[in-house]
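Heads up: the structure comes next, in structure tokens.
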Amino acid sequence: MAIASKTQSESMMEHRRAISAWTMYDWANSTFATTIMAAVFPVYYATLGAPGDAGALMTSRWGFTTAIAALIAAVISPILGAVADFRGSKKKFLGFFMGLGVISTALLFFTTGEGSWFIASIIFIFANIGFAGSLVYYDALLPHVANADEIDQVSSKGYMMGYIGGGLLLAINLVMIMFVPTWVPSLTTGLMTRLSFITVAIWWLGFTIPLFLRVKEPERRIDVGEDEAHPIQASFKRLGRTFSELKKYRDLSLGLLAFWVYANGIGTIITMATIYGKELNFSNTTLIGTLLMVQFLAAPFAYLFGWLAKKLGTKKSIYLSLAIYSLIAIAGFFLYHEWQFWALGAAVATVQGGSQALSRSMIGKMMPKSKSAEFYGFFSVFEKFASILGPLIFGVVSRIMNQSRWSIASLIVFFIAGVIILTQVNMERGAKVALEEESQMVAAE
């Protein structure tokens, strides 16, 4: 009896360690999202134009760069997700894309000089592919790491860890950029800015190690009739079969569609906020300081949304976050003063992590576990295409109007349409269908 109790205790401890190790990858990779995607690099990128390049032109170039990076990631994600499920190698694929992201991020150190925006865009695209690709496999591990009754909370904890980790390194980088040059004049602001890209690469690599040590690779599933000698061919067939079977998963499909629609708005706000503020001639202190505030303020709210999902339900909690985002988009049109940028940043912090965490867990509840990489590959497609359309429209409107106010205001359409589609999703029915399909696949093996 004592032995059984000890075994159960050890199993629970191993489970908790796996969850902690999984959430540490959010801590690790979120530094790319903060320093590279949102705060330091966009501001730095705006300085890489040729003499005479207008601010709106650099804003549109940044929008097109992020759109291209997202498009490439969207195309390859479901294919590689199917390969990872077939080969039982989610962690290996995660490691490959993490490595691509880390190396490319470090190479951003060498982007310097007027007119170097093009090479900076190319390197950023590779870095973003590594970042986005690794998240497909990271997300795919969630249903295997977390039990069904804790998936909302574990997903929210991951986002909380991401905000803290990303915010902590961003704070360190800000000290490097803003204060070190005043202490040591030979260390210029430009050099410190580029060194911050190196710190992201080191942080990302180092804090990924716990996941590889403590999270187990999920069991491999081989479907009847699949040829193990041709994994790529088998993976394409599996991907095609999964896509054709999406009609079985009506609620999952609608959930993905709803997510794609409202993620257009969320992703565009995250990606374009800093360079939009730069266009309005806000100081770097305000732009980066606001994002730093968002990181630490968003952490408790991300965790709060996990608790809120237990009280209100996942869908109602997402509705709440999208209502707040709609108000933010409207307020963004009337953005003129730096204090308003701080206020809108605080508002974003209340919903940014929660909306993303609950979207991830909502999809996870309605998919068969053994197809998690495939379905999260589709999730990534929807997420990345949201990262294409939003910034692309933002860039086009900015170019046409020669300013970006109408671009930010138009995002409300995405939030309203997303809510309308989400009302058609029955999560309980979707989870039941996924469980039945999983049982049938296990029985067929």
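All residue names refer to the structure tokens as shown: chains lettered A, B, ... in order, residues numbered from 1 in each chain, ligands numbered from 1 in order.
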
Give me the residues within 12 Å of Leu320 in chain A as a compact mmCIF listing (two decimals) with C-alpha atoms, in the first residue's frame, counting only C-alpha atoms and dropping any in the same chain fewer than 4 places off.
# COMPACT_ATOMS: atom_id res chain seq x y z
CA PHE A 305 -8.22 34.22 -17.57
CA LEU A 308 -12.07 32.98 -15.31
CA ALA A 309 -12.61 30.14 -17.79
CA LEU A 312 -17.60 31.77 -16.94
CA GLY A 313 -16.55 29.10 -19.41
CA THR A 314 -13.93 29.29 -22.14
CA LYS A 315 -16.12 30.89 -24.82
CA LYS A 316 -17.57 33.63 -22.61
CA ILE A 324 -12.12 44.88 -24.89
CA TYR A 325 -10.03 44.54 -28.04
CA SER A 326 -12.82 46.22 -30.03
CA LEU A 327 -12.69 49.23 -27.73
CA THR A 350 -5.59 42.76 -19.61
CA VAL A 351 -6.63 40.56 -22.57
CA GLN A 352 -3.65 39.71 -24.74
CA GLY A 354 -5.89 35.35 -21.89
CA SER A 355 -7.39 35.52 -25.39
CA LEU A 358 -7.90 30.18 -24.10
CA PHE A 415 -13.32 41.09 -33.55
CA ILE A 416 -17.04 41.43 -34.26
CA VAL A 419 -17.55 36.65 -31.98

Note to self: I want to know what sits within 9 Å of range 165-175 of chain A, based on only C-alpha atoms, with residues of the same chain fewer than 4 positions away left out; could you give that as a PyMOL selection string?
What the structure shows: chain A and resi 24+26-35+39-40+160-161+179-180+192-193+195-197+199-200+203+288-289+291-296

Resulting file, chosen residues, C-alpha atoms, as a JSON list (two decimals), in the first residue's frame:
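Output contents, as saved in part.json:
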[["chain", "number", "residue", "atom", "x", "y", "z"],
["A", 24, "MET", "CA", 9.36, 27.15, -19.58],
["A", 26, "ASP", "CA", 6.97, 30.03, -23.26],
["A", 27, "TRP", "CA", 9.48, 31.70, -20.93],
["A", 28, "ALA", "CA", 12.24, 30.92, -23.45],
["A", 29, "ASN", "CA", 10.71, 31.88, -26.81],
["A", 30, "SER", "CA", 8.67, 34.88, -25.67],
["A", 31, "THR", "CA", 11.85, 36.93, -25.64],
["A", 32, "PHE", "CA", 11.71, 36.74, -29.44],
["A", 33, "ALA", "CA", 8.14, 38.01, -29.38],
["A", 34, "THR", "CA", 9.01, 40.95, -27.11],
["A", 35, "THR", "CA", 12.48, 42.11, -28.11],
["A", 39, "ALA", "CA", 9.75, 46.25, -29.11],
["A", 40, "VAL", "CA", 13.42, 46.69, -29.96],
["A", 160, "MET", "CA", 1.94, 33.89, -17.88],
["A", 161, "MET", "CA", 5.49, 32.46, -17.87],
["A", 179, "PHE", "CA", 21.86, 53.36, -19.84],
["A", 180, "VAL", "CA", 25.03, 51.42, -20.67],
["A", 192, "MET", "CA", 23.78, 47.67, -27.40],
["A", 193, "THR", "CA", 20.64, 47.35, -29.52],
["A", 195, "LEU", "CA", 23.71, 42.93, -28.69],
["A", 196, "SER", "CA", 20.15, 42.61, -27.38],
["A", 197, "PHE", "CA", 19.46, 40.33, -30.35],
["A", 199, "THR", "CA", 20.80, 37.91, -25.64],
["A", 200, "VAL", "CA", 17.49, 36.74, -27.10],
["A", 203, "TRP", "CA", 18.01, 33.01, -23.56],
["A", 288, "ILE", "CA", 9.44, 50.28, -25.42],
["A", 289, "GLY", "CA", 8.47, 51.27, -21.89],
["A", 291, "LEU", "CA", 5.61, 47.19, -24.08],
["A", 292, "LEU", "CA", 7.66, 46.40, -21.00],
["A", 293, "MET", "CA", 4.72, 47.42, -18.83],
["A", 294, "VAL", "CA", 2.43, 45.22, -20.93],
["A", 295, "GLN", "CA", 4.66, 42.20, -20.36],
["A", 296, "PHE", "CA", 4.52, 42.32, -16.58]]

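Nearest to Ile408 in chain A of all the residues A:Ile266, A:Val145, A:Ala132, A:Ile363 is A:Ile266, counting only C-alpha atoms.
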
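With CA of Ala54 in chain A on one side and CA of Arg399 in chain A on the other, the separation reads 10.5 Å.
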
Item checked: alpha helix (DSSP H) positions in range 99-316 of chain A, given as JSON, numbers by chain -> {"A": [99, 100, 101, 102, 103, 104, 105, 106, 107, 117, 118, 119, 120, 121, 122, 123, 124, 125, 126, 127, 128, 129, 130, 131, 132, 133, 134, 135, 136, 137, 138, 139, 140, 141, 142, 143, 144, 145, 151, 152, 153, 154, 155, 156, 157, 158, 159, 160, 161, 162, 163, 164, 165, 166, 167, 168, 169, 170, 171, 172, 173, 174, 175, 176, 177, 178, 180, 181, 182, 183, 189, 190, 191, 192, 193, 194, 195, 196, 197, 198, 199, 200, 201, 202, 203, 204, 205, 206, 209, 210, 211, 212, 213, 214, 231, 232, 233, 234, 235, 236, 237, 238, 239, 240, 241, 242, 243, 244, 250, 251, 252, 253, 254, 255, 256, 257, 258, 259, 260, 261, 262, 263, 264, 265, 266, 267, 268, 269, 270, 271, 272, 273, 274, 275, 276, 277, 278, 279, 284, 285, 286, 287, 288, 289, 290, 291, 292, 293, 294, 295, 296, 297, 298, 299, 300, 301, 302, 303, 304, 305, 306, 307, 308, 309, 310, 311, 312, 314, 315, 316]}

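Across the structure, CA of Leu322 in chain A and CA of Ala263 in chain A are spaced 9.8 Å apart.
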
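Proximity ranking of A:Tyr276, A:Trp406, A:Phe126, A:Tyr159 relative to Ile72 in chain A places A:Phe126 first, based on only C-alpha atoms.
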
Checklist line | Which of A:Leu187, A:Lys248, A:Phe41, A:Ala201 sits closest to Ile103 in chain A [using only C-alpha atoms] | finding: A:Ala201

Next item on the list: Measuring atom to atom with only C-alpha atoms, identify which of A:Ala21, A:Leu100, A:Met366, A:Ala50 is nearest to Leu205 in chain A.
Entry: A:Leu100
